>>> print(open('structure-v4.txt').read())   # compact mmCIF, C-alpha atoms and all ligand atoms
# COMPACT_ATOMS: atom_id res chain seq x y z
CA MET R 1 125.13 85.64 -181.23
CA LYS R 2 122.08 83.36 -181.45
CA LYS R 3 119.88 83.48 -178.36
CA PRO R 4 119.83 80.16 -176.48
CA MET R 5 116.64 78.16 -176.86
CA ARG R 6 114.29 78.73 -173.94
CA ILE R 7 112.69 75.65 -172.41
CA LEU R 8 109.79 75.89 -170.02
CA SER R 9 107.51 73.51 -168.19
CA GLY R 10 105.35 73.28 -165.08
CA ILE R 11 103.99 70.69 -162.73
CA GLN R 12 101.05 70.97 -160.36
CA PRO R 13 101.63 70.45 -156.64
CA SER R 14 98.20 68.89 -156.32
CA GLY R 15 99.61 65.65 -154.94
CA ILE R 16 102.67 63.45 -154.71
CA LEU R 17 104.76 63.06 -157.87
CA HIS R 18 104.48 59.70 -159.62
CA ILE R 19 106.54 57.91 -162.22
CA GLY R 20 104.18 59.14 -164.97
CA ASN R 21 105.28 62.69 -164.11
CA TYR R 22 108.87 61.52 -164.00
CA PHE R 23 109.09 59.71 -167.33
CA GLY R 24 106.58 61.93 -169.14
CA MET R 25 107.96 65.31 -168.15
CA MET R 26 110.66 65.47 -165.47
CA ARG R 27 113.24 63.22 -167.10
CA PRO R 28 112.98 64.94 -170.51
CA ALA R 29 112.97 68.35 -168.81
CA ILE R 30 116.09 67.48 -166.84
CA ALA R 31 117.83 66.27 -170.02
CA LEU R 32 116.96 69.57 -171.73
CA GLN R 33 118.60 71.70 -169.03
CA ASP R 34 121.88 71.16 -170.92
CA GLU R 35 120.47 72.38 -174.22
CA GLY R 36 119.27 75.87 -173.51
CA GLU R 37 117.93 78.17 -170.86
CA ALA R 38 115.52 76.08 -168.81
CA LEU R 39 112.76 77.41 -166.56
CA TYR R 40 110.66 74.95 -164.54
CA PHE R 41 107.96 75.94 -162.14
CA ILE R 42 105.56 74.56 -159.60
CA ALA R 43 102.06 75.45 -160.73
CA ASP R 44 100.53 76.42 -157.39
CA TYR R 45 97.95 78.82 -158.86
CA HIS R 46 96.75 75.97 -161.04
CA ALA R 47 96.63 73.57 -158.10
CA LEU R 48 94.08 75.86 -156.44
CA THR R 49 91.54 74.57 -158.97
CA SER R 50 91.57 71.24 -157.13
CA LEU R 51 93.26 71.69 -153.75
CA ARG R 52 91.68 73.89 -151.08
CA ASP R 53 93.89 73.08 -148.13
CA PRO R 54 96.49 75.83 -147.62
CA ILE R 55 98.79 73.70 -145.47
CA ALA R 56 98.75 70.84 -147.96
CA LEU R 57 99.33 73.20 -150.89
CA ARG R 58 102.36 74.76 -149.23
CA GLU R 59 103.77 71.38 -148.22
CA ASN R 60 103.17 69.81 -151.62
CA SER R 61 104.83 72.73 -153.37
CA ARG R 62 107.99 72.30 -151.33
CA ARG R 63 107.86 68.59 -151.82
CA VAL R 64 107.62 68.94 -155.59
CA ALA R 65 110.69 71.20 -155.46
CA LEU R 66 112.54 68.64 -153.35
CA ASP R 67 111.59 65.73 -155.60
CA PHE R 68 112.46 67.57 -158.80
CA LEU R 69 115.87 68.49 -157.41
CA ALA R 70 116.41 64.93 -156.17
CA CYS R 71 115.63 63.63 -159.66
CA GLY R 72 118.44 65.69 -161.16
CA LEU R 73 117.23 69.22 -161.79
CA ASN R 74 120.41 71.26 -161.48
CA PRO R 75 119.62 74.76 -160.17
CA ASP R 76 122.86 76.08 -161.63
CA LYS R 77 121.52 75.24 -165.07
CA ALA R 78 117.74 75.48 -164.73
CA ALA R 79 115.65 77.96 -162.77
CA LEU R 80 113.13 76.31 -160.44
CA PHE R 81 110.45 78.55 -158.98
CA LEU R 82 106.88 78.85 -157.73
CA GLN R 83 104.37 80.04 -160.29
CA SER R 84 102.89 82.41 -157.69
CA ASP R 85 106.28 84.09 -157.21
CA VAL R 86 105.69 85.62 -160.64
CA PRO R 87 102.26 87.19 -160.09
CA GLN R 88 102.50 89.06 -163.41
CA VAL R 89 101.47 85.81 -165.01
CA THR R 90 97.92 86.44 -163.77
CA GLU R 91 97.99 89.87 -165.39
CA LEU R 92 98.99 88.33 -168.69
CA ALA R 93 96.30 85.66 -168.27
CA TRP R 94 93.71 88.43 -168.01
CA ILE R 95 94.95 90.10 -171.17
CA LEU R 96 94.98 86.78 -173.01
CA SER R 97 91.46 85.98 -171.82
CA THR R 98 90.15 89.04 -173.63
CA VAL R 99 90.95 87.45 -177.02
CA THR R 100 90.23 83.80 -176.13
CA PRO R 101 86.99 82.41 -177.56
CA VAL R 102 84.83 80.61 -174.99
CA SER R 103 84.14 77.99 -177.67
CA ARG R 104 87.87 77.10 -177.74
CA LEU R 105 87.90 76.50 -173.98
CA GLU R 106 84.69 74.48 -174.15
CA LEU R 107 86.54 71.95 -176.29
CA ALA R 108 89.33 71.37 -173.73
CA HIS R 109 89.43 67.63 -172.84
CA SER R 110 90.93 68.26 -169.45
CA TYR R 111 88.05 70.52 -168.34
CA LYS R 112 85.38 68.18 -169.70
CA ASP R 113 87.07 65.18 -168.09
CA LYS R 114 87.35 66.83 -164.66
CA VAL R 115 83.75 68.04 -164.65
CA ALA R 116 82.56 64.62 -165.85
CA ARG R 117 84.33 63.10 -162.83
CA GLY R 118 82.54 65.40 -160.40
CA ALA R 119 84.71 68.54 -160.15
CA ALA R 120 82.71 71.76 -159.70
CA ALA R 121 82.64 73.76 -162.93
CA ALA R 122 84.47 76.78 -161.46
CA ALA R 123 85.48 79.64 -163.74
CA GLY R 124 89.13 79.03 -162.78
CA LEU R 125 88.94 75.43 -163.93
CA PHE R 126 87.35 76.55 -167.19
CA THR R 127 89.99 79.22 -167.85
CA TYR R 128 92.85 76.97 -166.69
CA PRO R 129 94.29 76.82 -170.25
CA VAL R 130 94.47 80.64 -170.40
CA LEU R 131 96.62 80.79 -167.28
CA MET R 132 98.73 77.97 -168.72
CA ALA R 133 99.13 79.97 -171.94
CA ALA R 134 100.29 82.94 -169.85
CA ASP R 135 102.81 80.67 -168.05
CA ILE R 136 104.36 79.74 -171.35
CA LEU R 137 104.11 83.04 -173.23
CA ILE R 138 105.41 85.25 -170.41
CA TYR R 139 108.88 83.71 -170.79
CA ASP R 140 109.07 83.80 -174.62
CA SER R 141 109.35 80.01 -174.41
CA ASP R 142 110.54 78.05 -177.45
CA ILE R 143 109.99 74.50 -176.22
CA VAL R 144 107.62 72.98 -173.69
CA PRO R 145 108.43 69.39 -172.62
CA VAL R 146 105.20 67.68 -171.49
CA GLY R 147 103.26 64.42 -171.58
CA LYS R 148 100.60 63.89 -174.24
CA ASP R 149 97.75 65.01 -171.94
CA GLN R 150 99.06 68.60 -172.19
CA LYS R 151 99.27 68.70 -175.99
CA GLN R 152 95.88 70.36 -176.44
CA HIS R 153 96.78 73.04 -173.88
CA ILE R 154 99.82 73.95 -175.94
CA GLU R 155 97.74 74.11 -179.10
CA ILE R 156 95.41 76.51 -177.28
CA THR R 157 98.47 78.53 -176.17
CA ARG R 158 99.67 78.85 -179.77
CA ASP R 159 96.20 79.86 -180.87
CA ILE R 160 95.94 82.56 -178.19
CA ALA R 161 99.43 83.91 -178.98
CA ALA R 162 98.53 84.12 -182.68
CA ARG R 163 95.33 86.03 -181.81
CA ILE R 164 97.28 88.55 -179.72
CA ASN R 165 99.77 88.98 -182.54
CA GLU R 166 97.00 89.48 -185.11
CA THR R 167 95.05 91.85 -182.91
CA PHE R 168 97.86 94.01 -181.56
CA GLY R 169 100.97 93.28 -183.65
CA SER R 170 102.06 95.10 -186.73
CA ALA R 171 104.20 94.23 -189.74
CA ARG R 172 106.61 96.96 -188.70
CA LYS R 173 107.12 95.94 -185.07
CA GLY R 174 106.78 92.18 -185.60
CA PRO R 175 104.97 89.68 -183.37
CA ILE R 176 104.38 90.42 -179.68
CA LEU R 177 104.32 86.86 -178.40
CA LYS R 178 106.42 83.89 -179.44
CA LEU R 179 104.64 80.69 -180.49
CA PRO R 180 105.98 77.71 -178.49
CA GLU R 181 106.43 74.10 -179.65
CA PRO R 182 105.46 71.12 -177.48
CA ARG R 183 108.17 68.50 -176.97
CA ILE R 184 106.53 65.13 -176.37
CA GLN R 185 108.59 61.94 -176.19
CA LYS R 186 106.85 59.20 -178.11
CA GLN R 187 107.95 56.35 -175.84
CA THR R 188 106.76 58.01 -172.62
CA GLU R 189 103.91 60.22 -173.80
CA VAL R 190 101.37 58.22 -171.79
CA VAL R 191 102.82 56.20 -168.90
CA PRO R 192 100.19 53.67 -167.79
CA GLY R 193 99.07 53.33 -164.18
CA ILE R 194 98.58 50.06 -162.31
CA ASP R 195 95.11 49.65 -163.86
CA GLY R 196 96.43 50.15 -167.41
CA GLN R 197 94.81 53.61 -167.86
CA LYS R 198 96.98 56.74 -167.98
CA MET R 199 98.79 57.10 -164.66
CA SER R 200 97.17 60.01 -162.86
CA LYS R 201 96.78 61.32 -159.33
CA SER R 202 93.07 61.65 -159.92
CA TYR R 203 92.65 58.02 -161.03
CA GLY R 204 94.30 56.61 -157.90
CA ASN R 205 96.48 54.32 -160.05
CA THR R 206 99.90 55.80 -159.41
CA ILE R 207 103.29 54.47 -158.41
CA ASP R 208 105.02 57.30 -156.55
CA ILE R 209 108.63 58.18 -157.34
CA PHE R 210 109.56 58.32 -153.68
CA GLY R 211 107.03 55.98 -152.12
CA ASP R 212 108.41 53.74 -149.35
CA GLU R 213 109.57 50.28 -150.26
CA LYS R 214 106.63 48.36 -148.88
CA GLU R 215 104.03 50.60 -150.49
CA THR R 216 105.84 50.67 -153.84
CA ARG R 217 106.07 46.88 -153.87
CA LYS R 218 102.38 46.65 -153.03
CA ARG R 219 101.48 49.00 -155.88
CA VAL R 220 103.59 47.09 -158.39
CA MET R 221 102.19 43.75 -157.23
CA SER R 222 98.65 45.08 -157.78
CA ILE R 223 99.15 45.87 -161.47
CA VAL R 224 96.05 44.56 -163.22
CA THR R 225 96.65 41.57 -165.52
CA ASP R 226 94.46 39.11 -167.38
CA SER R 227 93.93 35.59 -166.04
CA THR R 228 96.36 33.69 -168.30
CA LEU R 229 97.75 30.68 -166.43
CA VAL R 230 101.39 30.46 -165.33
CA GLU R 231 102.29 27.83 -167.96
CA ALA R 232 100.55 29.56 -170.84
CA PRO R 233 102.25 32.01 -173.26
CA LYS R 234 101.42 35.67 -172.63
CA ASN R 235 101.19 38.71 -174.88
CA PRO R 236 103.97 41.19 -174.02
CA ASP R 237 102.40 43.89 -176.19
CA ALA R 238 99.24 44.07 -174.10
CA SER R 239 100.98 44.17 -170.74
CA THR R 240 101.35 47.12 -168.36
CA ILE R 241 104.16 45.21 -166.65
CA MET R 242 106.15 45.17 -169.91
CA GLN R 243 105.42 48.83 -170.59
CA LEU R 244 106.70 49.91 -167.18
CA TYR R 245 109.66 47.52 -167.34
CA GLY R 246 110.62 49.15 -170.65
CA LEU R 247 111.10 52.46 -168.81
CA VAL R 248 113.66 51.17 -166.35
CA ALA R 249 115.36 48.11 -167.88
CA SER R 250 118.00 47.86 -170.61
CA LYS R 251 117.12 46.82 -174.17
CA ASP R 252 118.47 43.31 -173.60
CA GLU R 253 116.56 42.92 -170.36
CA VAL R 254 113.36 44.02 -172.06
CA GLN R 255 113.97 41.58 -174.90
CA GLU R 256 114.53 38.77 -172.45
CA MET R 257 111.32 39.49 -170.55
CA ARG R 258 109.39 39.65 -173.83
CA GLU R 259 110.67 36.19 -174.77
CA GLN R 260 109.73 34.81 -171.37
CA PHE R 261 106.22 36.24 -171.78
CA ARG R 262 105.84 34.50 -175.13
CA LYS R 263 107.32 31.20 -173.96
CA GLY R 264 105.03 30.71 -170.94
CA GLY R 265 106.06 29.01 -167.71
CA ARG R 266 106.37 32.18 -165.62
CA GLY R 267 103.45 33.87 -163.88
CA TYR R 268 102.62 37.56 -163.80
CA GLY R 269 103.49 37.71 -160.09
CA ASP R 270 107.06 36.76 -160.94
CA PHE R 271 107.34 39.40 -163.63
CA LYS R 272 105.96 42.00 -161.25
CA LYS R 273 108.63 41.13 -158.68
CA GLN R 274 111.29 41.60 -161.32
CA LEU R 275 109.75 44.95 -162.33
CA PHE R 276 109.65 46.09 -158.71
CA GLU R 277 113.38 45.28 -158.21
CA LYS R 278 114.38 47.21 -161.35
CA LEU R 279 112.20 50.17 -160.49
CA TRP R 280 113.48 50.31 -156.93
CA ASP R 281 117.11 50.24 -158.15
CA TYR R 282 116.43 52.83 -160.83
CA PHE R 283 115.40 55.45 -158.28
CA ALA R 284 118.06 54.53 -155.67
CA PRO R 285 120.46 57.39 -156.57
CA MET R 286 117.57 59.86 -156.50
CA ARG R 287 116.54 58.67 -153.02
CA LYS R 288 120.11 59.20 -151.85
CA ARG R 289 120.24 62.70 -153.32
CA ARG R 290 116.87 63.47 -151.73
CA ASP R 291 118.17 62.56 -148.28
CA GLU R 292 121.18 64.83 -148.82
CA ILE R 293 118.99 67.77 -149.83
CA LEU R 294 116.81 67.26 -146.78
CA ARG R 295 119.85 67.65 -144.55
CA ASP R 296 120.50 71.16 -145.92
CA LYS R 297 117.79 73.27 -144.28
CA ASN R 298 117.95 76.32 -146.58
CA TYR R 299 118.68 74.62 -149.87
CA ILE R 300 115.12 74.50 -151.27
CA ASP R 301 114.25 78.06 -150.26
CA ASP R 302 117.48 79.36 -151.77
CA VAL R 303 116.87 77.54 -155.05
CA LEU R 304 113.28 78.80 -155.29
CA GLU R 305 114.31 82.34 -154.51
CA ARG R 306 117.05 82.35 -157.12
CA GLY R 307 114.68 80.81 -159.66
CA ALA R 308 111.99 83.40 -158.94
CA ARG R 309 114.45 86.22 -159.45
CA ARG R 310 115.46 84.90 -162.87
CA ALA R 311 111.86 84.24 -163.91
CA ASN R 312 110.70 87.68 -162.77
CA ALA R 313 113.40 89.42 -164.77
CA ILE R 314 112.23 87.75 -167.99
CA ALA R 315 108.52 88.14 -167.21
CA HIS R 316 109.03 91.82 -166.49
CA GLU R 317 110.54 92.44 -169.95
CA VAL R 318 107.83 90.50 -171.79
CA MET R 319 105.07 92.25 -169.83
CA LYS R 320 106.54 95.65 -170.71
CA ARG R 321 106.24 94.67 -174.36
CA VAL R 322 102.68 93.34 -173.95
CA ARG R 323 101.44 96.30 -171.94
CA ALA R 324 102.84 98.71 -174.50
CA ALA R 325 101.31 96.75 -177.36
CA VAL R 326 97.79 96.63 -175.92
CA GLY R 327 97.78 100.21 -174.63
CA LEU R 328 98.17 99.85 -170.87
P1 LIG W 1 100.54 67.85 -164.28
O1 LIG W 1 100.93 68.42 -162.97
O2 LIG W 1 99.26 67.10 -164.37
O3 LIG W 1 101.66 66.90 -164.81
C1 LIG W 1 103.01 67.33 -164.94
C2 LIG W 1 103.63 66.73 -166.18
O4 LIG W 1 103.61 65.30 -166.10
C3 LIG W 1 103.06 64.77 -167.29
N1 LIG W 1 102.34 63.53 -166.98
C4 LIG W 1 102.46 62.40 -167.69
N2 LIG W 1 103.20 62.09 -168.78
C5 LIG W 1 103.11 60.83 -169.25
N3 LIG W 1 102.32 59.88 -168.70
C6 LIG W 1 101.56 60.14 -167.61
N4 LIG W 1 100.80 59.19 -167.07
C7 LIG W 1 101.60 61.45 -167.06
N5 LIG W 1 101.00 62.06 -166.01
C8 LIG W 1 101.46 63.34 -165.99
C9 LIG W 1 102.10 65.83 -167.79
O5 LIG W 1 101.86 65.69 -169.17
C10 LIG W 1 102.86 67.09 -167.46
O6 LIG W 1 103.78 67.41 -168.48
N6 LIG W 1 98.74 71.78 -166.77
C11 LIG W 1 99.98 71.14 -166.34
C12 LIG W 1 100.86 72.05 -165.50
C13 LIG W 1 101.19 73.33 -166.15
C14 LIG W 1 102.08 73.52 -167.25
C15 LIG W 1 102.08 74.91 -167.49
C16 LIG W 1 102.85 72.66 -168.03
C17 LIG W 1 100.72 74.56 -165.78
N7 LIG W 1 101.26 75.49 -166.60
C18 LIG W 1 102.87 75.47 -168.53
C19 LIG W 1 103.62 73.22 -169.06
C20 LIG W 1 103.63 74.58 -169.30
C21 LIG W 1 99.60 69.93 -165.51
O7 LIG W 1 98.55 69.87 -164.91
O8 LIG W 1 100.57 68.99 -165.41
>>> encode(input="structure-v4.txt", output="structure tokens")
Amino acid sequence: MKKPMRILSGIQPSGILHIGNYFGMMRPAIALQDEGEALYFIADYHALTSLRDPIALRENSRRVALDFLACGLNPDKAALFLQSDVPQVTELAWILSTVTPVSRLELAHSYKDKVARGAAAAAGLFTYPVLMAADILIYDSDIVPVGKDQKQHIEITRDIAARINETFGSARKGPILKLPEPRIQKQTEVVPGIDGQKMSKSYGNTIDIFGDEKETRKRVMSIVTDSTLVEAPKNPDASTIMQLYGLVASKDEVQEMREQFRKGGRGYGDFKKQLFEKLWDYFAPMRKRRDEILRDKNYIDDVLERGARRANAIAHEVMKRVRAAVGL
């Protein structure tokens, strides 16, 4: 029998989840839970590169679990767990680091970007992609659903896996590590924030998935627009409002808004109100589910424990193979 495809992805608990996380990664990841064996984790080791508040880290991690479950992750289909509940991943990261060229890591956009914006150039931030490679490779992952900003990290992962295979594999025994494929959805690969740049916690331009109504409305109403007058025609293709509306409205609704943009006679404020209403309705079932989960005190802990057990079983097997191959 053919082995089911293994799908893996992670999300950092460095802040509150936003709709860029949702449309870029969580929604596709949730859809994939029906297509293979899915493993999704909360990247708390990675979050330590930017968050040094133990109470906040613990709270955020639980909150990410809650929000992911509320959005439709089904723990009977997909394992959800904390990265740090599989500490072997740090052992694999060490082994991988011994074949990773520094020059490859120096080219990582994410590192350069963070340091350019004032982050301290810690060794952990620099070797972030090696730990991410270990996250992926320790589960023999086939597919990694992510937003476009993670594409380079998956290329680095493939490169590191190939180096391990070349260095320690043999024609007789076959490859040691499996090379994963990124799965990036064209339409949602970069969800824009309220300033039109990529939506990101670190840019302060997010719309949270589970923000309260007043705050969410405020965020939507502050989407940056040009100064075209109410009566004048507007360009739908250059508009963040249109891009976000496209994520939550039907094809016909999107078409209608596009026509109204072109025709003129309606101001951006009006379009933003319409976007807010759609967005608020879109997440209504998730808010309901979230309230239900919150009423069940042990639910999140049980899910994370079950997920960790499953993840550890796989990681244990892969590590046995890796340790044997490298001579440990
Ligand atoms: P993180 O926590 O920054 O983001 C989680 C996921 O959300 C996607 N995303 C977006 N997609 C589209 N538009 C946006 N504006 C947007 N903002 C965020 C990200 O692409 C990502 O898929 N390094 C990872 C976490 C990680 C990981 C892994 C992922 C650690 N190990 C192993 C996959 C496999 C990160 O920081 O994602």
>>> closest_residue(input="structure-v4.txt", among="R:Leu73, R:Ala133, R:Ala161, R:Val146", to="ligand LIG 1 (chain W)", atoms="only C-alpha atoms and all ligand atoms")
R:Val146
>>> closest_atom_pairs(input="structure-v4.txt", of="chain R", to="ligand LIG 1 (chain W)", cutoff="7 Å", atoms="only C-alpha atoms and all ligand atoms", output="CSV")
residue,atom,partner,partner_atom,distance
R:Leu8,CA,W:LIG1,C20,6.3
R:Ser9,CA,W:LIG1,C19,4.0
R:Gly10,CA,W:LIG1,C16,3.9
R:Ile11,CA,W:LIG1,O1,3.8
R:Gln12,CA,W:LIG1,O1,3.7
R:Pro13,CA,W:LIG1,O1,6.7
R:Gly20,CA,W:LIG1,C6,3.9
R:Asn21,CA,W:LIG1,O4,3.7
R:Tyr22,CA,W:LIG1,O4,6.8
R:Phe23,CA,W:LIG1,C5,6.4
R:Gly24,CA,W:LIG1,N2,3.4
R:Met25,CA,W:LIG1,O6,4.7
R:Ala43,CA,W:LIG1,C17,5.3
R:His46,CA,W:LIG1,C17,6.3
R:Met132,CA,W:LIG1,N7,4.1
R:Ala133,CA,W:LIG1,C18,6.8
R:Asp135,CA,W:LIG1,C18,5.2
R:Ile136,CA,W:LIG1,C18,5.3
R:Val144,CA,W:LIG1,C19,6.1
R:Pro145,CA,W:LIG1,O6,6.5
R:Val146,CA,W:LIG1,O6,3.3
R:Gly147,CA,W:LIG1,O5,3.1
R:Lys148,CA,W:LIG1,O5,5.5
R:Asp149,CA,W:LIG1,O5,5.0
R:Gln150,CA,W:LIG1,O5,5.0
R:Thr188,CA,W:LIG1,C5,5.7
R:Glu189,CA,W:LIG1,C5,4.7
R:Val190,CA,W:LIG1,N3,3.6
R:Val191,CA,W:LIG1,N3,3.7
R:Pro192,CA,W:LIG1,N4,5.6
R:Gly193,CA,W:LIG1,N4,6.8
R:Lys198,CA,W:LIG1,N4,4.6
R:Met199,CA,W:LIG1,N4,3.8
R:Ser200,CA,W:LIG1,N5,5.4
>>> closest_residue(input="structure-v4.txt", among="R:Pro4, R:Gly36, R:Pro182, R:Gly196", to="Val224 of chain R", atoms="all atoms listed in the file")
R:Gly196
>>> closest_atom_pairs(input="structure-v4.txt", of="segment 176-226 of chain R", to="segment 279-287 of chain R", cutoff="9 Å", atoms="only C-alpha atoms", output="Markdown table")
| residue | atom | partner | partner_atom | distance |
| --- | --- | --- | --- | --- |
| R:Ile209 | CA | R:Phe283 | CA | 7.4 |
| R:Phe210 | CA | R:Arg287 | CA | 7.0 |
| R:Glu213 | CA | R:Trp280 | CA | 7.7 |
| R:Thr216 | CA | R:Trp280 | CA | 8.2 |
| R:Arg217 | CA | R:Trp280 | CA | 8.7 |
>>> closest_residue(input="structure-v4.txt", among="R:Ile156, R:Ala78, R:Ala249, R:Leu39", to="Glu106 of chain R", atoms="all atoms listed in the file")
R:Ile156
>>> atom_distance(input="structure-v4.txt", atom1="atom CA of Phe261 of chain R", atom2="atom CA of Pro28 of chain R")
29.5 Å
>>> atom_distance(input="structure-v4.txt", atom1="atom CA of Val99 of chain R", atom2="atom CA of Pro129 of chain R")
13.0 Å
>>> closest_residue(input="structure-v4.txt", among="R:Glu256, R:Asp140, R:Glu277, R:Asp291", to="Val318 of chain R", atoms="all atoms listed in the file")
R:Asp140
>>> atom_distance(input="structure-v4.txt", atom1="atom CA of Val115 of chain R", atom2="atom CA of Leu48 of chain R")
15.3 Å
>>> residues_around(input="structure-v4.txt", residues="segment 244-247 of chain R", least_positions_apart="3", cutoff="10 Å", atoms="only C-alpha atoms", output="PDB file with C-alpha atoms, keeping the file's coordinate frame")
ATOM      1  CA  ILE R  19     106.540  57.910-162.220  1.00  0.00           C
ATOM      2  CA  GLY R  20     104.180  59.140-164.970  1.00  0.00           C
ATOM      3  CA  PHE R  23     109.090  59.710-167.330  1.00  0.00           C
ATOM      4  CA  GLN R 187     107.950  56.350-175.840  1.00  0.00           C
ATOM      5  CA  THR R 188     106.760  58.010-172.620  1.00  0.00           C
ATOM      6  CA  VAL R 191     102.820  56.200-168.900  1.00  0.00           C
ATOM      7  CA  PRO R 192     100.190  53.670-167.790  1.00  0.00           C
ATOM      8  CA  GLY R 193      99.070  53.330-164.180  1.00  0.00           C
ATOM      9  CA  ILE R 194      98.580  50.060-162.310  1.00  0.00           C
ATOM     10  CA  VAL R 220     103.590  47.090-158.390  1.00  0.00           C
ATOM     11  CA  SER R 239     100.980  44.170-170.740  1.00  0.00           C
ATOM     12  CA  THR R 240     101.350  47.120-168.360  1.00  0.00           C
ATOM     13  CA  ILE R 241     104.160  45.210-166.650  1.00  0.00           C
ATOM     14  CA  SER R 250     118.000  47.860-170.610  1.00  0.00           C
ATOM     15  CA  LYS R 251     117.120  46.820-174.170  1.00  0.00           C
ATOM     16  CA  GLU R 253     116.560  42.920-170.360  1.00  0.00           C
ATOM     17  CA  VAL R 254     113.360  44.020-172.060  1.00  0.00           C
ATOM     18  CA  GLN R 255     113.970  41.580-174.900  1.00  0.00           C
ATOM     19  CA  MET R 257     111.320  39.490-170.550  1.00  0.00           C
ATOM     20  CA  PHE R 271     107.340  39.400-163.630  1.00  0.00           C
ATOM     21  CA  LYS R 272     105.960  42.000-161.250  1.00  0.00           C
ATOM     22  CA  GLN R 274     111.290  41.600-161.320  1.00  0.00           C
ATOM     23  CA  LEU R 275     109.750  44.950-162.330  1.00  0.00           C
ATOM     24  CA  PHE R 276     109.650  46.090-158.710  1.00  0.00           C
ATOM     25  CA  LYS R 278     114.380  47.210-161.350  1.00  0.00           C
ATOM     26  CA  LEU R 279     112.200  50.170-160.490  1.00  0.00           C
ATOM     27  CA  TYR R 282     116.430  52.830-160.830  1.00  0.00           C
TER      28      TYR R 282
END
>>> residues_around(input="structure-v4.txt", residues="His316 of chain R", least_positions_apart="2", cutoff="10 Å", atoms="only C-alpha atoms", output="list of chain:residue names")
R:Val86, R:Gln88, R:Val89, R:Ile138, R:Tyr139, R:Ala311, R:Asn312, R:Ala313, R:Ile314, R:Val318, R:Met319, R:Lys320, R:Arg321, R:Val322
>>> closest_residue(input="structure-v4.txt", among="R:Asp113, R:Glu59, R:Asp85, R:Glu292", to="Phe41 of chain R", atoms="only C-alpha atoms")
R:Asp85
>>> residues_around(input="structure-v4.txt", residues="Ala122 of chain R", least_positions_apart="5", cutoff="12 Å", atoms="only C-alpha atoms", output="count of residues only")
9
>>> closest_residue(input="structure-v4.txt", among="R:Arg258, R:Gly169, R:Leu96, R:Gly204", to="Thr157 of chain R", atoms="only C-alpha atoms")
R:Leu96
>>> residues_around(input="structure-v4.txt", residues="Ala56 of chain R", least_positions_apart="4", cutoff="12 Å", atoms="all atoms listed in the file", output="number ranges by chain")
R: 13-16, 44, 47-48, 50-52, 60-64
>>> write_last_selection(input="structure-v4.txt", atoms="C-alpha atoms", output="mmCIF file, keeping the file's coordinate frame")
data_model
loop_
_atom_site.group_PDB
_atom_site.id
_atom_site.type_symbol
_atom_site.label_atom_id
_atom_site.label_comp_id
_atom_site.auth_asym_id
_atom_site.auth_seq_id
_atom_site.Cartn_x
_atom_site.Cartn_y
_atom_site.Cartn_z
ATOM 1 C CA PRO R 13 101.630 70.450 -156.640
ATOM 2 C CA SER R 14 98.200 68.890 -156.320
ATOM 3 C CA GLY R 15 99.610 65.650 -154.940
ATOM 4 C CA ILE R 16 102.670 63.450 -154.710
ATOM 5 C CA ASP R 44 100.530 76.420 -157.390
ATOM 6 C CA ALA R 47 96.630 73.570 -158.100
ATOM 7 C CA LEU R 48 94.080 75.860 -156.440
ATOM 8 C CA SER R 50 91.570 71.240 -157.130
ATOM 9 C CA LEU R 51 93.260 71.690 -153.750
ATOM 10 C CA ARG R 52 91.680 73.890 -151.080
ATOM 11 C CA ASN R 60 103.170 69.810 -151.620
ATOM 12 C CA SER R 61 104.830 72.730 -153.370
ATOM 13 C CA ARG R 62 107.990 72.300 -151.330
ATOM 14 C CA ARG R 63 107.860 68.590 -151.820
ATOM 15 C CA VAL R 64 107.620 68.940 -155.590
#
>>> residues_around(input="structure-v4.txt", residues="Asp76 of chain R", least_positions_apart="6", cutoff="12 Å", atoms="all atoms listed in the file", output="list in words")
Gln33, Asp34, Glu37, Ala38, Leu39, Leu69, Asp302, Val303, Leu304, Arg306, Gly307 and Arg310 of chain R
>>> residues_near_point(input="structure-v4.txt", point="(108.8, 76.0, -158.4)", cutoff="6 Å", atoms="only C-alpha atoms", output="list in words")
Phe41, Ile42, Ala65, Leu80, Phe81 and Leu82 of chain R
